[in-house]
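Student: Pasting a structure below so you can have a look.
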Amino acid sequence: MKRILVSGGAGFIGSHLCTRLVNEGHDVICLDNFFTGSKDNIKHLMGNHHFEVVRHDVTYPYSAEVDEIYNLACPASPIHYQHDPIQTAKTSVMGAINMLGLAMRVNAKIMQASTSEVYGDPIVHPQPETYWGNVNPIGFRSCYDEGKRCAETLFMDYHRQNNVRIKIIRIFNTYGPHMLPNDGRVVSNFVVQALQNNDLTIYGSGEQSRSFQYVDDLIEGMIRMMDTDDDFTGPINLGNPNEFSILELAEKVIAMSGSKSKIVFKPLPHDDPKQRQPDITLAKEKLGWAPTIELDEGLRHMIEYFKDYKI
Ligand code: NAD
Ligand code: UDP
């Protein structure tokens, strides 16, 4: 049994990770300021003596004796991370410094939840970990993209300079239960709109593509990565290589939910990446990992979840 800190533990991915870790018998501290997280996501863990929640903003230092840290604190949906871009950059950068400082003091192993956004609007396709990316440093997405890139830099420097044991994962678009109905990302938006028979809002022409990963596959990859030898730091891509256009996704959601919704087209946000697909050769080799849940199955779970959720 390990003592494990999950920052951002009340968010979409964090809540699934906390559940998995508690179920495996570990002692889990969930650190969250509830900016985009929700107590509903972790209510099934409340009262479990292996689980603690601490309301805390990672831009301030925090101390606890732990063996492992998963650093997930950061809003991930463009509408939320652009709401207060300065706080987003501070969360990524100061949050990384505070969590790395803690890892160094207590000799914990620490994982950074980085993102496919470090590749920006990629010119290389699909994206291997060796690709340095194509990122606008001064745009509306930069608070997130550059914040996450700087966090990766800090992780590598704490590793090289102070021997901190680090793991960096680059997560590609992930969806599943515990996304909030107002999260703003495309899968939850479309499912909620379809179930309410509202118009599905495609930004731009819908020809841009993404590769969608179901959350259970990601959690499995994260646990396997944390358990690799100390000399393997990553970065490593975790995503589902099956790529869909946003228009295909919208049509699929309407068909699968039996919705009467129509599709409407809205302006494309600034710097919206045109394509994204992970090269997961490294994850297959190092973790023996590949996604097992394809989009149709994942969408069925998502539709059931939001049917039961009081939107
Ligand atoms: P989310 O917004 O649901 O969760 C983020 C959590 O962090 C929330 O609970 C929020 O309240 C908390 N948080 C935000 N700022 C904080 C702060 N200053 N102090 C403490 N807590 C704070 O997003 P998610 O999809 O669960 O993403 C989790 C992590 O994974 C993020 O770091 C995100 O960048 C990364 N990621 C997610 C995806 C994806 O597709 N879901 C893709 C790439 C990377
Ligand atoms: N998108 C869309 N309609 C929505 C929400 C998003 O067409 O209601 C588009 C968005 O412009 C982008 C893609 O879907 O091209 C994925 O957006 P999301 O915010 O989920 O993730 P990210 O852009 O960070 O990959």
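Following the order of the structure tokens, first chain is A, next is B, and so on, with residues numbered from 1 inside each chain and ligands from 1 in the order they appear.
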As a list in words, please: the residues near Asn197 in chain A (cut-off 9 Å, only C-alpha atoms, same-chain neighbours under 4 positions excluded).

Tutor: Val192, Gln193, Ser259, Lys260, Ser261 and Lys262 of chain A

Student: Range 58-109 of chain A: which residues are strand (DSSP E) by DSSP, as a PDB file with C-alpha atoms, in the first residue's frame?

Tutor:
ATOM      1  CA  GLU A  68       3.836   9.107  -5.286  1.00  0.00           C
ATOM      2  CA  ILE A  69       2.323  12.265  -6.779  1.00  0.00           C
ATOM      3  CA  TYR A  70       0.118  12.523  -9.866  1.00  0.00           C
ATOM      4  CA  ASN A  71       0.056  16.203 -10.911  1.00  0.00           C
ATOM      5  CA  LYS A 109       7.997   9.702  -7.544  1.00  0.00           C
TER       6      LYS A 109
END

Student: List as a list of chain:residue names the protein and nucleic acid residues near range 65-67 of chain A, meaning an atom at most 9 Å away when only C-alpha atoms are counted, but skip any in the same chain fewer than 3 places from it.

Tutor: A:Lys2, A:Arg3, A:Ile4, A:Leu5, A:Ile29, A:Leu102, A:Ala103, A:Val106, A:Asn107, A:Ala108, A:Lys109, A:Ile110

Student: Generate a file of the selected residues that holds N, CA and C atoms, formatted as a PDB file, in the first residue's frame.

Tutor:
ATOM      1  N   LYS A   2       0.541   2.194  -0.913  1.00  0.00           N
ATOM      2  CA  LYS A   2       1.333   3.427  -1.000  1.00  0.00           C
ATOM      3  C   LYS A   2       0.472   4.629  -0.582  1.00  0.00           C
ATOM      4  N   ARG A   3       1.151   5.713  -0.197  1.00  0.00           N
ATOM      5  CA  ARG A   3       0.447   6.979   0.071  1.00  0.00           C
ATOM      6  C   ARG A   3       0.598   7.824  -1.187  1.00  0.00           C
ATOM      7  N   ILE A   4      -0.527   8.184  -1.783  1.00  0.00           N
ATOM      8  CA  ILE A   4      -0.469   8.814  -3.112  1.00  0.00           C
ATOM      9  C   ILE A   4      -1.259  10.129  -3.109  1.00  0.00           C
ATOM     10  N   LEU A   5      -0.623  11.160  -3.640  1.00  0.00           N
ATOM     11  CA  LEU A   5      -1.276  12.463  -3.767  1.00  0.00           C
ATOM     12  C   LEU A   5      -1.732  12.635  -5.217  1.00  0.00           C
ATOM     13  N   ILE A  29      -4.667  11.076  -1.177  1.00  0.00           N
ATOM     14  CA  ILE A  29      -5.032  12.463  -0.851  1.00  0.00           C
ATOM     15  C   ILE A  29      -5.403  13.151  -2.159  1.00  0.00           C
ATOM     16  N   LEU A 102       7.810  19.422  -3.435  1.00  0.00           N
ATOM     17  CA  LEU A 102       7.320  18.431  -2.468  1.00  0.00           C
ATOM     18  C   LEU A 102       7.928  17.053  -2.755  1.00  0.00           C
ATOM     19  N   ALA A 103       7.922  16.667  -4.037  1.00  0.00           N
ATOM     20  CA  ALA A 103       8.488  15.351  -4.414  1.00  0.00           C
ATOM     21  C   ALA A 103       9.956  15.266  -3.983  1.00  0.00           C
ATOM     22  N   VAL A 106      10.250  14.902  -0.017  1.00  0.00           N
ATOM     23  CA  VAL A 106       9.819  13.629   0.607  1.00  0.00           C
ATOM     24  C   VAL A 106      10.268  12.419  -0.215  1.00  0.00           C
ATOM     25  N   ASN A 107      11.066  12.685  -1.266  1.00  0.00           N
ATOM     26  CA  ASN A 107      11.577  11.619  -2.141  1.00  0.00           C
ATOM     27  C   ASN A 107      10.453  10.784  -2.773  1.00  0.00           C
ATOM     28  N   ALA A 108       9.427  11.501  -3.261  1.00  0.00           N
ATOM     29  CA  ALA A 108       8.313  10.809  -3.937  1.00  0.00           C
ATOM     30  C   ALA A 108       8.578  10.758  -5.438  1.00  0.00           C
ATOM     31  N   LYS A 109       7.995   9.758  -6.079  1.00  0.00           N
ATOM     32  CA  LYS A 109       7.997   9.702  -7.544  1.00  0.00           C
ATOM     33  C   LYS A 109       6.840  10.581  -8.022  1.00  0.00           C
ATOM     34  N   ILE A 110       7.041  11.315  -9.106  1.00  0.00           N
ATOM     35  CA  ILE A 110       5.981  12.273  -9.514  1.00  0.00           C
ATOM     36  C   ILE A 110       5.714  12.198 -11.011  1.00  0.00           C
TER      37      ILE A 110
END

Student: Using only C-alpha atoms, determine which residues lie at most 7 Å from Gly120 in chain A, disregarding the query and same-chain residues fewer than 4 positions distant; provide the list as an MDAnalysis selection string.

Tutor: chainID A and resid 133:135 273

Student: Please identify the residues whose atoms come within 7 Å of ligand 1, using only C-alpha atoms and all ligand atoms, and report them as JSON, numbers by chain.

Tutor: {"A": [7, 8, 9, 10, 11, 12, 13, 14, 31, 32, 33, 34, 35, 36, 37, 38, 56, 57, 58, 59, 71, 72, 73, 74, 75, 76, 77, 91, 95, 113, 114, 115, 116, 170, 171, 172, 173, 174, 175, 179]}

Student: Could you give me, as a tab-separated table, a per-residue list for chain A showing, wherever an atom lies at most 9 Å from an atom of ligand 2, the closest pair of atoms and their distance in Å to one decimal, using only C-alpha atoms and all ligand atoms and sorting by chain then residue number from low to high?

Tutor:
residue	atom	partner	partner_atom_place_in_ligand_line	distance
A:Ala76	CA	ligand 2	24 (O)	7.5
A:Ser77	CA	ligand 2	19 (O)	5.6
A:Pro78	CA	ligand 2	19 (O)	5.5
A:Ile79	CA	ligand 2	19 (O)	7.7
A:Ser116	CA	ligand 2	25 (O)	8.3
A:Glu117	CA	ligand 2	24 (O)	7.2
A:Arg141	CA	ligand 2	24 (O)	8.8
A:Phe172	CA	ligand 2	25 (O)	7.9
A:Asn173	CA	ligand 2	25 (O)	5.9
A:Thr174	CA	ligand 2	20 (O)	8.6
A:Tyr175	CA	ligand 2	20 (O)	8.7
A:Asp183	CA	ligand 2	19 (O)	8.9
A:Gly184	CA	ligand 2	5 (C)	5.9
A:Arg185	CA	ligand 2	20 (O)	3.5
A:Val186	CA	ligand 2	5 (C)	3.7
A:Val187	CA	ligand 2	20 (O)	6.4
A:Ser188	CA	ligand 2	20 (O)	8.2
A:Asn189	CA	ligand 2	8 (O)	5.1
A:Phe190	CA	ligand 2	8 (O)	6.3
A:Gln193	CA	ligand 2	8 (O)	8.8
A:Leu200	CA	ligand 2	8 (O)	6.9
A:Thr201	CA	ligand 2	8 (O)	4.9
A:Ile202	CA	ligand 2	7 (O)	3.5
A:Tyr203	CA	ligand 2	7 (O)	3.8
A:Gly204	CA	ligand 2	7 (O)	6.7
A:Ser205	CA	ligand 2	7 (O)	8.3
A:Gly206	CA	ligand 2	7 (O)	6.2
A:Glu207	CA	ligand 2	15 (O)	8.5
A:Gln208	CA	ligand 2	15 (O)	5.7
A:Ser209	CA	ligand 2	15 (O)	6.9
A:Arg210	CA	ligand 2	16 (C)	6.5
A:Ser211	CA	ligand 2	25 (O)	8.9
A:Ser245	CA	ligand 2	13 (C)	8.7
A:Ile246	CA	ligand 2	14 (O)	5.8
A:Leu247	CA	ligand 2	7 (O)	7.9
A:Ala250	CA	ligand 2	7 (O)	8.5
A:Phe265	CA	ligand 2	7 (O)	8.0
A:Lys266	CA	ligand 2	7 (O)	7.8
A:Pro267	CA	ligand 2	11 (O)	8.6
A:Leu268	CA	ligand 2	11 (O)	5.8
A:Pro269	CA	ligand 2	11 (O)	6.0
A:His270	CA	ligand 2	11 (O)	8.9
A:Asp272	CA	ligand 2	15 (O)	5.6
A:Pro273	CA	ligand 2	15 (O)	6.5
A:Lys274	CA	ligand 2	15 (O)	7.0
A:Gln275	CA	ligand 2	15 (O)	8.4
A:Arg276	CA	ligand 2	25 (O)	7.9

Student: From the set A:Gly221, A:Gly47, A:Pro177, A:Gly239, which residue has the shortest atom-to-atom contact distance to Lys286 in chain A, counting only C-alpha atoms?

Tutor: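 Ranking A:Gly221, A:Gly47, A:Pro177, A:Gly239 by distance to Lys286 in chain A, first place goes to A:Gly221.
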
Student: List every residue of range 145-197 of chain A that DSSP, applied to the backbone of this structure, places in alpha helix (DSSP H), and write the result as a PyMOL selection string.

Tutor: chain A and resi 145-162+186-195

Student: Hey, could you make a per-residue contact list for range 167-233 of chain A against range 15-27 of chain A with 10 Å as the cut-off, showing the nearest pair of atoms and its distance in Å to one decimal, counting only C-alpha atoms, sorted by chain and number, as CSV?

Tutor:
residue,atom,partner,partner_atom,distance
A:Gly176,CA,A:His16,CA,9.6
A:Pro177,CA,A:His16,CA,8.9
A:His178,CA,A:Ser15,CA,7.7
A:Val215,CA,A:His16,CA,7.8
A:Asp216,CA,A:His16,CA,7.9
A:Leu218,CA,A:Leu17,CA,9.4
A:Ile219,CA,A:Leu17,CA,6.2
A:Glu220,CA,A:Leu17,CA,9.1
A:Met222,CA,A:Leu17,CA,8.7
A:Ile223,CA,A:Leu17,CA,8.7

Student: Between CA of Gln112 in chain A and CA of Thr130 in chain A, what distance in Å does the model show, to one decimal?

Tutor: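 Those two atoms sit 17.5 Å apart.
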
Student: Of the residues A:Ile280, A:Ala64, A:Ile166, A:Val93, which is the one nearest to Asp229 in chain A, using only C-alpha atoms?

Tutor: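 Selected residue with least distance to Asp229 in chain A: A:Ile166.
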
Student: CA of Glu304 in chain A and CA of Asp40 in chain A, how far apart in Å?

Tutor: 17.0 Å
